[in-house]
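Okay, protein.txt is below, compact mmCIF, C-alpha atoms:
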```
# COMPACT_ATOMS: atom_id res chain seq x y z
CA MET A 1 1.92 -21.62 4.44
CA THR A 2 3.86 -18.43 3.74
CA VAL A 3 2.61 -14.94 4.55
CA VAL A 4 3.40 -12.30 1.92
CA VAL A 5 3.26 -8.53 2.27
CA ALA A 6 3.35 -6.30 -0.81
CA TYR A 7 5.02 -3.01 0.06
CA LYS A 8 6.00 0.10 -1.87
CA TYR A 9 9.20 2.10 -1.54
CA ALA A 10 7.76 5.51 -2.35
CA ALA A 11 8.61 9.19 -2.20
CA ASN A 12 6.79 11.35 0.34
CA PRO A 13 4.56 13.87 -1.48
CA GLN A 14 5.05 16.38 1.33
CA ASP A 15 8.52 16.97 -0.11
CA ALA A 16 7.31 17.24 -3.72
CA SER A 17 6.26 20.37 -5.56
CA VAL A 18 3.86 21.04 -8.44
CA GLY A 19 4.89 23.31 -11.30
CA ALA A 20 2.68 25.78 -13.13
CA ASP A 21 2.20 23.18 -15.87
CA GLY A 22 0.81 20.65 -13.38
CA VAL A 23 3.89 18.40 -13.45
CA VAL A 24 4.95 17.06 -10.04
CA ASP A 25 8.64 17.48 -9.19
CA TRP A 26 9.76 14.56 -7.02
CA SER A 27 13.49 15.38 -7.09
CA ARG A 28 13.60 16.54 -3.45
CA ALA A 29 11.20 13.94 -2.08
CA LYS A 30 12.74 11.38 0.26
CA ALA A 31 11.76 7.75 -0.35
CA ALA A 32 10.82 5.21 2.33
CA VAL A 33 8.46 2.29 2.85
CA SER A 34 5.00 3.76 2.20
CA GLU A 35 3.29 5.11 5.31
CA TYR A 36 0.56 2.47 5.72
CA ASP A 37 2.60 -0.59 4.72
CA PRO A 38 4.17 -1.07 8.20
CA VAL A 39 0.63 -1.74 9.48
CA ALA A 40 0.25 -4.58 6.95
CA ILE A 41 3.72 -5.86 7.86
CA GLN A 42 2.80 -5.91 11.57
CA ILE A 43 -0.43 -7.82 10.89
CA GLY A 44 1.59 -10.22 8.74
CA ARG A 45 4.27 -10.59 11.42
CA ASP A 46 1.69 -11.46 14.08
CA LEU A 47 0.00 -13.97 11.76
CA ALA A 48 3.29 -15.58 10.73
CA ASP A 49 4.44 -15.89 14.36
CA ALA A 50 1.13 -17.44 15.41
CA GLU A 51 1.43 -20.09 12.68
CA GLY A 52 5.20 -20.58 12.71
CA ALA A 53 5.35 -19.30 9.12
CA GLU A 54 7.74 -17.15 7.12
CA LEU A 55 6.96 -13.50 6.33
CA VAL A 56 8.12 -12.43 2.87
CA GLY A 57 7.99 -8.92 1.44
CA VAL A 58 7.51 -8.31 -2.29
CA SER A 59 7.94 -5.00 -4.07
CA VAL A 60 8.18 -3.55 -7.56
CA GLY A 61 10.10 -0.33 -8.12
CA THR A 62 13.12 1.40 -9.56
CA ALA A 63 16.69 0.33 -8.87
CA GLN A 64 16.38 2.25 -5.61
CA VAL A 65 14.18 -0.48 -4.10
CA ALA A 66 17.19 -2.83 -4.09
CA SER A 67 19.54 -0.29 -2.49
CA SER A 68 21.05 -0.98 0.92
CA MET A 69 18.98 1.78 2.51
CA ALA A 70 15.72 0.51 1.02
CA LYS A 71 16.47 -3.08 2.07
CA LYS A 72 17.20 -2.06 5.66
CA ASN A 73 14.15 0.18 5.77
CA ALA A 74 11.84 -2.64 4.64
CA MET A 75 13.43 -5.60 6.41
CA SER A 76 13.68 -3.77 9.75
CA LYS A 77 9.87 -3.55 9.87
CA GLY A 78 9.67 -7.29 10.60
CA LEU A 79 10.01 -9.11 7.27
CA ASP A 80 12.11 -12.30 7.14
CA ARG A 81 13.24 -11.79 3.55
CA GLY A 82 12.33 -9.95 0.38
CA VAL A 83 11.75 -10.60 -3.32
CA VAL A 84 11.79 -7.49 -5.50
CA VAL A 85 11.79 -6.22 -9.06
CA ALA A 86 14.22 -3.30 -9.09
CA ASP A 87 14.36 -1.72 -12.54
CA ASP A 88 14.20 1.95 -13.50
CA GLU A 89 11.78 1.17 -16.34
CA THR A 90 9.07 0.54 -13.72
CA ALA A 91 8.92 4.30 -13.12
CA GLU A 92 6.86 4.52 -16.32
CA TRP A 93 4.53 1.65 -15.44
CA ASN A 94 0.87 2.15 -14.52
CA SER A 95 -0.80 0.45 -11.55
CA THR A 96 -2.12 -2.46 -13.64
CA LYS A 97 1.33 -3.37 -14.93
CA VAL A 98 2.85 -3.07 -11.45
CA ALA A 99 0.12 -5.35 -10.05
CA SER A 100 0.84 -7.98 -12.70
CA ALA A 101 4.53 -7.93 -11.77
CA LEU A 102 3.69 -8.20 -8.05
CA ALA A 103 1.54 -11.23 -8.87
CA GLY A 104 4.53 -12.73 -10.66
CA LEU A 105 6.64 -12.24 -7.53
CA VAL A 106 3.98 -13.80 -5.29
CA LYS A 107 3.92 -16.88 -7.53
CA LYS A 108 7.66 -17.27 -6.93
CA VAL A 109 7.15 -17.50 -3.14
CA GLU A 110 6.64 -21.15 -2.23
CA GLY A 111 3.57 -21.80 -0.10
CA ALA A 112 2.16 -18.27 -0.44
CA ASP A 113 -1.58 -18.30 0.24
CA ILE A 114 -2.20 -14.82 1.65
CA VAL A 115 -0.99 -11.39 0.53
CA LEU A 116 -1.40 -8.34 2.72
CA THR A 117 -1.14 -4.77 1.49
CA GLY A 118 -1.39 -1.38 3.13
CA ASP A 119 -4.55 0.69 2.93
CA SER A 120 -3.04 2.78 0.12
CA SER A 121 0.32 4.11 -1.04
CA ILE A 122 1.54 7.44 0.28
CA ASP A 123 2.35 8.85 -3.16
CA GLU A 124 -0.78 7.96 -5.18
CA GLY A 125 -3.33 6.77 -2.64
CA ALA A 126 -5.59 5.19 -5.26
CA LYS A 127 -6.47 2.12 -3.14
CA MET A 128 -6.44 -0.03 -6.30
CA MET A 129 -3.39 -2.24 -5.90
CA SER A 130 -4.93 -4.92 -3.67
CA ALA A 131 -7.83 -5.49 -6.05
CA LEU A 132 -5.62 -5.45 -9.16
CA LEU A 133 -3.17 -7.88 -7.56
CA ALA A 134 -6.02 -10.20 -6.55
CA GLY A 135 -7.32 -10.09 -10.10
CA PHE A 136 -4.01 -11.26 -11.56
CA LEU A 137 -3.72 -14.00 -8.92
CA GLY A 138 -7.34 -15.07 -9.30
CA TRP A 139 -7.86 -14.74 -5.53
CA PRO A 140 -10.66 -12.97 -3.63
CA CYS A 141 -9.88 -9.56 -2.18
CA PHE A 142 -11.05 -7.78 0.98
CA GLN A 143 -10.29 -4.17 1.91
CA GLU A 144 -10.49 -2.26 5.20
CA VAL A 145 -9.43 -5.41 7.06
CA THR A 146 -8.66 -4.97 10.77
CA SER A 147 -7.56 -8.51 11.67
CA VAL A 148 -6.73 -11.87 10.08
CA GLU A 149 -6.73 -15.38 11.57
CA LYS A 150 -5.72 -18.69 10.00
CA THR A 151 -8.32 -21.45 9.81
CA GLY A 152 -8.04 -25.04 8.70
CA ASP A 153 -8.66 -24.40 5.01
CA GLY A 154 -8.27 -20.64 4.71
CA TYR A 155 -8.64 -17.47 6.73
CA THR A 156 -11.10 -15.50 8.82
CA VAL A 157 -10.92 -11.77 8.17
CA THR A 158 -12.56 -8.99 10.15
CA GLN A 159 -13.53 -6.11 7.92
CA ALA A 160 -14.57 -2.58 8.86
CA VAL A 161 -17.91 -1.63 7.29
CA ALA A 162 -20.36 1.23 7.75
CA GLY A 163 -21.69 1.08 11.28
CA GLY A 164 -19.33 -1.59 12.60
CA THR A 165 -17.44 -4.70 11.47
CA ARG A 166 -18.16 -8.01 9.81
CA THR A 167 -16.33 -11.32 9.93
CA VAL A 168 -15.86 -13.36 6.76
CA SER A 169 -14.52 -16.90 6.43
CA VAL A 170 -12.55 -17.55 3.26
CA SER A 171 -11.53 -20.93 1.89
CA GLY A 172 -8.24 -20.91 0.03
CA PRO A 173 -5.84 -18.05 -0.69
CA VAL A 174 -6.79 -14.39 -0.28
CA VAL A 175 -5.54 -10.82 -0.73
CA VAL A 176 -6.35 -8.34 2.04
CA ALA A 177 -5.79 -4.60 2.26
CA VAL A 178 -5.27 -3.72 5.90
CA SER A 179 -7.04 -0.74 7.45
CA ALA A 180 -4.67 2.13 8.30
CA ASP A 181 -5.54 1.92 12.02
CA ALA A 182 -5.74 -1.88 12.34
CA VAL A 183 -2.70 -2.05 14.65
CA THR A 184 0.13 0.14 15.84
CA PRO A 185 3.26 -1.11 14.04
CA LYS A 186 6.39 -1.73 16.04
CA VAL A 187 9.05 0.96 15.70
CA PRO A 188 12.29 -0.73 14.59
CA SER A 189 15.08 -0.59 17.17
CA MET A 190 18.74 -0.13 16.31
CA LYS A 191 19.13 -3.90 16.73
CA ASP A 192 16.34 -4.46 14.18
CA ILE A 193 17.97 -2.07 11.71
CA LEU A 194 21.38 -3.71 12.04
CA ALA A 195 19.88 -7.20 11.70
CA ALA A 196 17.91 -6.09 8.63
CA GLY A 197 21.14 -5.65 6.69
CA LYS A 198 21.77 -9.41 6.94
CA LYS A 199 18.35 -10.50 5.73
CA PRO A 200 18.23 -11.81 2.14
CA VAL A 201 16.52 -9.75 -0.56
CA GLU A 202 16.33 -11.43 -3.98
CA THR A 203 16.21 -9.23 -7.07
CA VAL A 204 14.14 -10.68 -9.92
CA ALA A 205 14.46 -9.53 -13.52
CA VAL A 206 11.47 -7.90 -15.21
CA ALA A 207 11.35 -10.65 -17.83
CA ASP A 208 10.97 -13.28 -15.09
CA VAL A 209 7.69 -11.87 -13.79
CA ALA A 210 6.09 -11.37 -17.23
CA PRO A 211 4.32 -8.05 -16.56
CA ALA A 212 1.11 -7.36 -18.46
CA ASP A 213 1.52 -5.34 -21.63
CA VAL A 214 -0.65 -2.42 -20.49
CA THR A 215 0.08 1.17 -21.46
CA LEU A 216 -1.23 4.48 -20.21
CA THR A 217 -1.07 7.66 -22.26
CA VAL A 218 -1.21 11.00 -20.45
CA THR A 219 -2.97 13.46 -22.74
CA GLY A 220 -2.52 16.54 -20.60
CA ARG A 221 -1.73 17.97 -17.17
CA SER A 222 -3.15 20.97 -15.34
CA LYS A 223 -3.77 22.22 -11.84
CA PRO A 224 -7.33 21.91 -10.51
CA ALA A 225 -9.37 25.01 -11.18
CA ALA A 226 -9.79 27.13 -8.06
CA LYS A 227 -13.41 27.23 -6.94
CA ALA A 228 -14.96 30.63 -6.40
CA ARG A 229 -15.79 31.31 -2.75
CA LYS A 230 -19.26 32.61 -1.86
CA ASN A 231 -17.96 34.59 1.16
CA GLU A 232 -21.37 34.47 2.81
CA LEU A 233 -21.65 35.85 6.35
CA PHE A 234 -24.41 34.90 8.77
CA SER A 235 -25.36 36.93 11.81
CA GLY A 236 -28.04 37.09 14.42
CA ASP A 237 -29.26 34.61 16.99
CA ASP A 238 -30.03 32.03 14.29
CA ALA A 239 -26.65 32.34 12.50
CA ALA A 240 -25.87 28.69 13.15
CA THR A 241 -29.22 27.63 11.67
CA GLN A 242 -28.58 29.79 8.61
CA LEU A 243 -25.13 28.23 8.18
CA VAL A 244 -26.48 24.68 8.36
CA ALA A 245 -29.21 25.53 5.86
CA ALA A 246 -26.66 27.03 3.45
CA LEU A 247 -24.37 24.00 3.75
CA ARG A 248 -27.28 21.67 3.04
CA SER A 249 -28.33 23.73 0.07
CA ALA A 250 -24.79 23.49 -1.30
CA GLY A 251 -24.74 19.73 -0.80
CA ALA A 252 -22.00 19.87 1.84
CA LEU A 253 -24.22 18.21 4.46
```
Whole structure given in structure tokens:
Amino acid sequence: MTVVVAYKYAANPQDASVGADGVVDWSRAKAAVSEYDPVAIQIGRDLADAEGAELVGVSVGTAQVASSMAKKNAMSKGLDRGVVVADDETAEWNSTKVASALAGLVKKVEGADIVLTGDSSIDEGAKMMSALLAGFLGWPCFQEVTSVEKTGDGYTVTQAVAGGTRTVSVSGPVVVAVSADAVTPKVPSMKDILAAGKKPVETVAVADVAPADVTLTVTGRSKPAAKARKNELFSGDDAATQLVAALRSAGAL
């Protein structure tokens, strides 16, 4: 058994800007392990410790993902080692192609039978990667997972659903996307950061993961059209009732 966490070294959109033509300028955006991935790493760390297993991080990104800073940032979160594709050509890849490459990395990790991901990436937030990755691996996928336990022949996952939670038993390997509030991840100490620099991170060539030949053509970019405001004012003793009625009429409630 080996626990795998797929993480993304991504730029923070709070530091990005959007031009008049709708193109996003990421030049001033600082990169780090995506905001929700430390939650998945913490769930993976707890699971690995409970089973005496290894926790391996996999990532696909530009050459930056193999930099000393990126390695320390990821490994200090609790990973034992990493396996990454670090090639600038990945900047042009769509989510499907990235997922296929991540699947290729998972297949290189001996004993891997569970992959955890964050709820979504901080830069795109599409919540697609876990399902795409599961598709390429041929494994079942569960999202909004709050806890994971190992069983004799698989895993028991607790999943947040409307009105509460449900517990599902899975036989065999599985991909789970961890809920953003599943646990509070440990904040790396200076000792963790220094130790992270000594942890091994293997860089795998693009050709060795055989990414899917999937292309995406952007036909145009534009800012969302600004919606006209109604500027309605409600007064009188029943102003609140009028407001609720207007919101319902507009489909907001």
Query raised in the report: Do you know which residues lie at most 10 Å from (-10.9, -16.9, 6.2), with coordinates as in the file and only C-alpha atoms counted, and could you write them as JSON, numbers by chain?
Result: {"A": [148, 149, 150, 151, 152, 153, 154, 155, 156, 157, 158, 167, 168, 169, 170, 171, 172, 173, 174]}
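With atom CA of Ala103 of chain A on one side and atom CA of Pro13 of chain A on the other, the separation reads 26.3 Å.
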Requested in this report: Could you tell me which of A:Val84, A:Val23, A:Ala99, A:Leu137 comes closest to Lys71 of chain A if we count only C-alpha atoms?
Outcome: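 Distance minimum relative to Lys71 of chain A lands on A:Val84.
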Query raised in the report: What does the distance from atom CA of Ser76 of chain A to atom CA of Gly44 of chain A come to in Å, to one decimal?
Result: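 Separating atom CA of Ser76 of chain A from atom CA of Gly44 of chain A is a distance of 13.7 Å.
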Query - For Glu51 of chain A: contacts at 9 Å, all atoms listed in the file, fewer than 3 positions along chain excluded, given as a list of chain:residue names - result: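 Returned residues: A:Met1, A:Asp46, A:Leu47, A:Ala48, A:Glu54, A:Lys150.
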Selected residues, C-alpha atoms, written as a PDB file, in the coordinates of the input, please.
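Saved result, selection.pdb, follows:
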```pdb
ATOM      1  CA  MET A   1       1.920 -21.620   4.440  1.00  0.00           C
ATOM      2  CA  ASP A  46       1.690 -11.460  14.080  1.00  0.00           C
ATOM      3  CA  LEU A  47       0.000 -13.970  11.760  1.00  0.00           C
ATOM      4  CA  ALA A  48       3.290 -15.580  10.730  1.00  0.00           C
ATOM      5  CA  GLU A  54       7.740 -17.150   7.120  1.00  0.00           C
ATOM      6  CA  LYS A 150      -5.720 -18.690  10.000  1.00  0.00           C
TER       7      LYS A 150
END
```
Query - Test item: residues at most 7 Å from Val60 of chain A, all atoms listed in the file, excluding those fewer than 2 positions along its chain, as a list in words - result: Val84, Val85, Ala86, Val98 and Leu102 of chain A
Query raised in the report: Taking into account all atoms listed in the file, which residue in the set A:Asp192, A:Asp15, A:Asp238, A:Asp21 is nearest to Gly220 of chain A?
Result: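 When distances to Gly220 of chain A are compared using all atoms listed in the file, the smallest one comes from A:Asp21.
When atom CA of Met129 of chain A is paired with atom CA of Asp37 of chain A, their separation reads 12.3 Å.
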Query raised in the report: Pick the closest to Pro211 of chain A from A:Gly57, A:Phe136, A:Ala29, A:Asp88: which is it, counting all atoms listed in the file?
Result: A:Phe136
Report task. May I have the protein, DNA and RNA residues with an atom at most 9 Å from (9.8, 10.3, -3.1), counting all atoms listed in the file in the file's coordinates, returned as a list in words? Result ->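 Every residue inside that radius is included here: Tyr9, Ala10, Ala11, Asn12, Pro13, Gln14, Asp15, Ala16, Trp26, Ser27, Arg28, Ala29, Lys30, Ala31, Ala32 and Asp123 of chain A.
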Query raised in the report: Which neighbours of Ala180 of chain A fall inside 10 Å, counting all atoms listed in the file, when residues of the same chain fewer than 4 positions from it are skipped, and could you give them as a PyMOL selection string?
Result: chain A and resi 35-40+118-120+144-146+184
**Report entry** Who sits within 10 Å of Lys223 of chain A, only C-alpha atoms, same chain under 2 positions skipped, as a PyMOL selection string
**Finding:** chain A and resi 18-23+221+225-226
Residues from last step as file, C-alpha atoms, as a PDB file, in the coordinates of the input:
```pdb
ATOM      1  CA  VAL A  18       3.860  21.040  -8.440  1.00  0.00           C
ATOM      2  CA  GLY A  19       4.890  23.310 -11.300  1.00  0.00           C
ATOM      3  CA  ALA A  20       2.680  25.780 -13.130  1.00  0.00           C
ATOM      4  CA  ASP A  21       2.200  23.180 -15.870  1.00  0.00           C
ATOM      5  CA  GLY A  22       0.810  20.650 -13.380  1.00  0.00           C
ATOM      6  CA  VAL A  23       3.890  18.400 -13.450  1.00  0.00           C
ATOM      7  CA  ARG A 221      -1.730  17.970 -17.170  1.00  0.00           C
ATOM      8  CA  ALA A 225      -9.370  25.010 -11.180  1.00  0.00           C
ATOM      9  CA  ALA A 226      -9.790  27.130  -8.060  1.00  0.00           C
TER      10      ALA A 226
END
```
Requested in this report: Compile the contact shell of Leu233 of chain A as a list in words: residues with an atom at most 12 Å away, counting only C-alpha atoms, same-chain residues fewer than 4 positions apart removed.
Outcome: Arg229, Ala239, Ala240, Gln242, Leu243 and Ala246 of chain A
Requested in this report: Measuring atom to atom with all atoms listed in the file, identify which of A:Leu194, A:Val83, A:Val109, A:Leu133 is nearest to Ser95 of chain A.
Outcome: A:Leu133
Produce the centre coordinates and the three edge lengths, each in Å to one decimal, of the box along x, y and z that contains all listed atoms of segment 90-99 of chain A with 5 Å added on each side, as lines of an AutoDock Vina configuration file.
```
center_x = 3.5
center_y = -0.4
center_z = -13.2
size_x = 21.2
size_y = 19.9
size_z = 16.3
```
Report task. Counting all atoms listed in the file, figure out which residue out of A:Val3, A:Ala101, A:Ala195, A:Ala53 gets nearest to Ala74 of chain A. Result ->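 Looking at the shortest contact to Ala74 of chain A, the residue is A:Ala195.
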